[in-house]
Structure formats: structure tokens, C-alpha cells
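Only one structure is covered here, and it is reproduced in the block below.
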Amino acid sequence: MGILPPRRHPALRTAPIGRLTWTIHKCARALVPEAVAFAFVAGVHPLTGLYAAFMVGLITACIGGRPGMISGATGALAVVMVALVAEHGIEYLFATVVLMGVLQIGFGLMKLGKFIRMVPYPVMLGFVNGLAIVIFLAQFKSFQTDDDSWLPGGDLGLMIGLVVLTMAIMHFLPKLTCAVPAGLVAIAGISCIVIFGGLDTRTVGDIASIGGGLPPFHIPSVPLSLDMLIIIFPYAVILAAIGLIESLLTMSVIDEMTETRGHGNRVCIGQGASNVVTGFFSGMGGCAMIGQSMINITSGGLRNLSGIAAALFLLSFILFGSGLIEMIPIAVLAGVMFMVVLGTFEWGSFNLLNKIPREDSFVGILVAVVTVLTDLAIAVIVSVIASALVFAWTHARHIYAETSTDEHGVKTYKVNGPLFFASAHRFSELFDPKNDPIEVIMDFAGSRVADHSAIEAIDNLAERYTRAGKNLHLVHLSPECKQLLEKAGDLVEVNIKEDPTYHVADNKLA
């Protein structure tokens, strides 16, 4: 399911208790194969993913994350963790998850969660598309041997067949009935085919045993040194950023669906606290899960209790259902992840390419490409910067001046459009001090002076008119502008009734 759902889903009415309980149970069961699959993506033991899914989901919901939002182990974090685990081992991952949580708590305490609303729409599109591509590429390891070569022909064919069959069940079954979860039917059905058909294909149990009890308390076995901090800090920053971006974007989607407003700072603190605890209990960390949250919300789970219940149901699977989970073929997990990819990718974005400005298309493609080449945090940061630059460049061309000359030979320039750093150069080219008459009026009623670069542009222009021996009159400037103008301050003509009262974004007034 994509990140851009309808404005309000009809299922958002109060759900009956029985139906809601079944939905929460369904969410918990769906968390199991995804947590195991994401653990394989990250290169860690499946229990590490299951413990993370349980603890992150439970603690986030208890502390007060966005009501209705489901959290757990996610592919966005897993694809970053794999490099750390491969190079330094899992103990460094646990330490990184703890530091990641501390950074997220700090982000929330500084009340920076509101800045998610600055993420432009094209960046959100590119975000989910890039995430889908990354998860898609990560699945190819399921078709390879331990030495990264492709499986032999017969084994590869069987693997592909089981994957396709899993995807077919998950795609077509909901068209026939929604009484049972399609993912559960696919997992149970394919597992039975493999077991009773005697098919020789890898299962979860062939890779690792996931039998276990409650998550054990475990202090990461890493040296407390500056070298260790240098290793984990970059990963912690990236993971913290990715986790918060995905969680806050998910919160924004739920806000839109439910026509309510979540508390971004509380979500940051909840996610951070859950990751700190998870790092000390052998978990791989996590964040909000877009797909599971959508299942929960559209089924009527609008309170934190739904997240708590889903986490507890998941724990029951870990404690009592590990033997069944170990029978699941790896091909089924790959098929489930491919369906996650299909549901996450915003296919409608292709139809928008010819309908939206080229600049927005560029930003959306940029964030998807950077996501695949680097990671989600860098991609979103780069794309937000690119969006800001595109916005500045576009609006820099909107400044112009209308000129008129009265019967007394006084020339008036009526400036229109925003005057800021990007438009300052074009603003200077609108005037001709050398050939203008002695008396010149510059009217800013249709413009707005936005920053210090704009102030400098006005000052420099006034100096050019002064050197040319011309009298320049500046009208309809705000009082803050007059305060900041050094060379042209005396040229401003004050009209209290007509002058604007906006504030210039300049450090001198901060």
C-alpha cells in the first residue's frame, strides 16, 4: 500500500471489538514474516528482528506514539544496517541502535518534529519509490548461495516458482474473499506444499533457529572508546534520520486519513525510547511501518491500544510458535517482500510525470535515485535542499517592475514580486540609473523584501543613483527595512497608513 491513501477511508468508523481484535491479530501475524525477512536483509539472526518488532511496537505505543500507528523492524533501516553488521559485527549494531535512540529522543526534546511538514510532496513520492526499490534489490540475496553466486538451475527455478505462487495468492485471494489475510494463506499454503510435497528448498530453520523466550537484557559488548564512537556515530545518525523520516511521514499519512493531527515530537521521543531499550535487549531497532499502519487504521484501530495488542500477539508467536515459523520457506518471505514492494511503490507517479512541473519530477526522481545509491536520510536531505533551490530559482524570475513617468518628469518604478537572495541580481538589472531622470520613485507596494541580500541590493542600487546625481525615493518599505538599510535609509519615505508591517528575515533583527 502506498503512502498516499484516500483522504478518508470508510472503515475509519468505530470498529466492533471482535473485528478489531481480528485485525490486530492479523497485523501481528503479518509482522512475523516481515520481521524475519528484514532480519535476513540486515544480516542478523531472525530473533533479532522479531525482538525489535515486539519491543519497538510495544514501547512506542505505550509512551504515546501516533495513535493507530504500528512500529517494528523495517526494511529502510535494515538496508543500512547490513554494512555495519558485515564489517563490525552485531554487537556494534546493538550499540548503534542505543545511540540512534538517544539522538531521536534529543530530536524530540528540541521540538524539531514539526519540520517534517517542510518535506515537499515530490520528496514524499520519491521517498516511498526509493524505499520500494531498495527492498526489491535486497531480495536478490534469497536467490543466491552463501558465496553470492546464483542458485543452481533447478533450485533457482523452484525458488522463482514458489515466489510467483506466493505473490499470486496474495494478489488474487483478496478479490475473492477478505475473511482471511492473504499473506497468512500464502505463507501457510506454500509451506504445506513444500513440507508435504517434499520439495527441497531453504526454510527459515535452515538458516537459523528462532526458538526463544523473552528478550534477554544484554549490554553491547563493544569497547568504550573514541574509536568505537567514530565507527557507530555515522550509522547512528543515518539510522536515526531514516527512522524519524519514515515515522513522521507515516504520521502525516495517518493525519490525512483520519483528519486529525499527530504530535511529531512525541513520536520522536517514543521511537527514540523504544530503540534505546531495544538496543539493550538484543533487537535491531525499528520505526513506524507504513503498510502495517495502513492495515490497522483502515480496519478501525485508531488508538495506541491497537499497537500494544499487536506487539503482545507478536510476542506470543515468538514464545509459542517458533517451530512453525522455522518451517516457512525463504521463497515465501521473498514473495511477501515483493508484494510489499508492489504496494509501497507509487505507480501513479508515472502518470504525473507529464502533468506536474519538470522541477517537481526532477526532485521526485532525484530522491529515488539517491535512496538507491546511498540511503533514505541523505536522499531526503538532498531532495529537500534541491526543492528549496528549485523554489528559489523559480520565484527569482517572478520579480519585475512597471515603469511610468508623470507630467513633471518623475519616473516611477513599481516593483512586483519577492525580493530575496535569488532575485537580487535580476532586481538590479531592472533599473537604469545612468539614463533615468533626476527624480526617481521606487515603489515596493507590490513586492516584499525577504532577507539581507535584498537589503544589500537596495543599498547598492541607491548608491548607484547617488553617484549618478539622481534623487531616489523609496516608498512602501517596512520599518524593519529602513532600520537595516545603511546607505539608503534616509531615502525611505514613511507613510504609517500605507507602509507594510512584515518583518525582514535578517539576523540583525533576530
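Naming scheme: A, B, ... for chains in displayed order of the C-alpha cells; residues 1 onward per chain; ligands 1 onward as shown.
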Find the residues around Arg261 (chain A) up to 9 Å (only C-alpha atoms counted), leave out those fewer than 5 positions away in its own chain, and share them as a PDB file with C-alpha atoms, in the first residue's frame.
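Final output, out-v4.pdb:
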ATOM      1  CA  ARG A  66       0.827   8.412  16.972  1.00  0.00           C
ATOM      2  CA  MET A 251       2.242  10.067  10.893  1.00  0.00           C
ATOM      3  CA  SER A 252       1.443  12.621   8.182  1.00  0.00           C
ATOM      4  CA  ILE A 254      -2.419   8.867   9.153  1.00  0.00           C
ATOM      5  CA  ASP A 255      -3.205  12.516   9.889  1.00  0.00           C
ATOM      6  CA  GLU A 256      -4.574  12.870   6.377  1.00  0.00           C
TER       7      GLU A 256
END
Helix (DSSP H, G or I) per DSSP on the backbone: members of region 406-461 of chain A, as a VMD selection string: chain A and resid 424 to 428 452 to 461
Shell around Ile385 (chain A) at 12 Å using only C-alpha atoms, local window under 3 positions removed, as a compact mmCIF listing (two decimals) with N, CA and C atoms, in the first residue's frame:
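out_0.txt, freshly written:
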# COMPACT_ATOMS: atom_id res chain seq x y z
N MET A 118 7.87 20.34 6.33
CA MET A 118 8.60 21.05 5.28
C MET A 118 8.98 20.13 4.13
N VAL A 119 8.75 18.82 4.30
CA VAL A 119 9.10 17.88 3.24
C VAL A 119 8.09 18.03 2.10
N PRO A 120 8.53 18.39 0.90
CA PRO A 120 7.60 18.61 -0.21
C PRO A 120 6.97 17.31 -0.70
N VAL A 123 9.11 14.94 -2.78
CA VAL A 123 10.07 14.20 -1.96
C VAL A 123 9.40 12.99 -1.32
N VAL A 363 12.89 16.41 -8.78
CA VAL A 363 13.10 16.19 -7.35
C VAL A 363 12.66 14.78 -6.96
N LEU A 366 15.13 12.36 -8.24
CA LEU A 366 16.39 12.51 -7.52
C LEU A 366 16.38 11.77 -6.19
N VAL A 367 15.30 11.92 -5.42
CA VAL A 367 15.26 11.26 -4.12
C VAL A 367 15.23 9.75 -4.28
N ILE A 378 20.02 10.61 3.54
CA ILE A 378 20.74 11.50 2.63
C ILE A 378 19.83 11.90 1.47
N ALA A 379 19.05 10.94 0.98
CA ALA A 379 18.16 11.23 -0.15
C ALA A 379 17.15 12.31 0.18
N VAL A 380 16.52 12.20 1.35
CA VAL A 380 15.51 13.19 1.71
C VAL A 380 16.16 14.56 1.96
N ILE A 381 17.32 14.57 2.62
CA ILE A 381 18.01 15.84 2.87
C ILE A 381 18.40 16.50 1.56
N VAL A 382 19.01 15.72 0.66
CA VAL A 382 19.41 16.26 -0.64
C VAL A 382 18.21 16.79 -1.41
N ALA A 388 14.21 23.34 -2.30
CA ALA A 388 14.36 24.74 -1.89
C ALA A 388 15.05 25.56 -2.99
N LEU A 389 16.09 24.98 -3.59
CA LEU A 389 16.80 25.69 -4.65
C LEU A 389 15.93 25.88 -5.88
N VAL A 390 15.17 24.84 -6.21
CA VAL A 390 14.25 24.94 -7.36
C VAL A 390 13.20 26.01 -7.09
N PHE A 391 12.68 26.03 -5.87
CA PHE A 391 11.68 27.05 -5.50
C PHE A 391 12.28 28.45 -5.62
N ALA A 392 13.50 28.60 -5.09
CA ALA A 392 14.16 29.91 -5.15
C ALA A 392 14.40 30.34 -6.59
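The coordinates place CA of Leu103 (chain A) at 26.9 Å from CA of Ala138 (chain A).
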Excluding same-chain residues fewer than 5 positions from Ser316 (chain A), what lies within 10 Å of it counting only C-alpha atoms, as a PyMOL selection string? chain A and resi 28+54+213-214+311+321-322
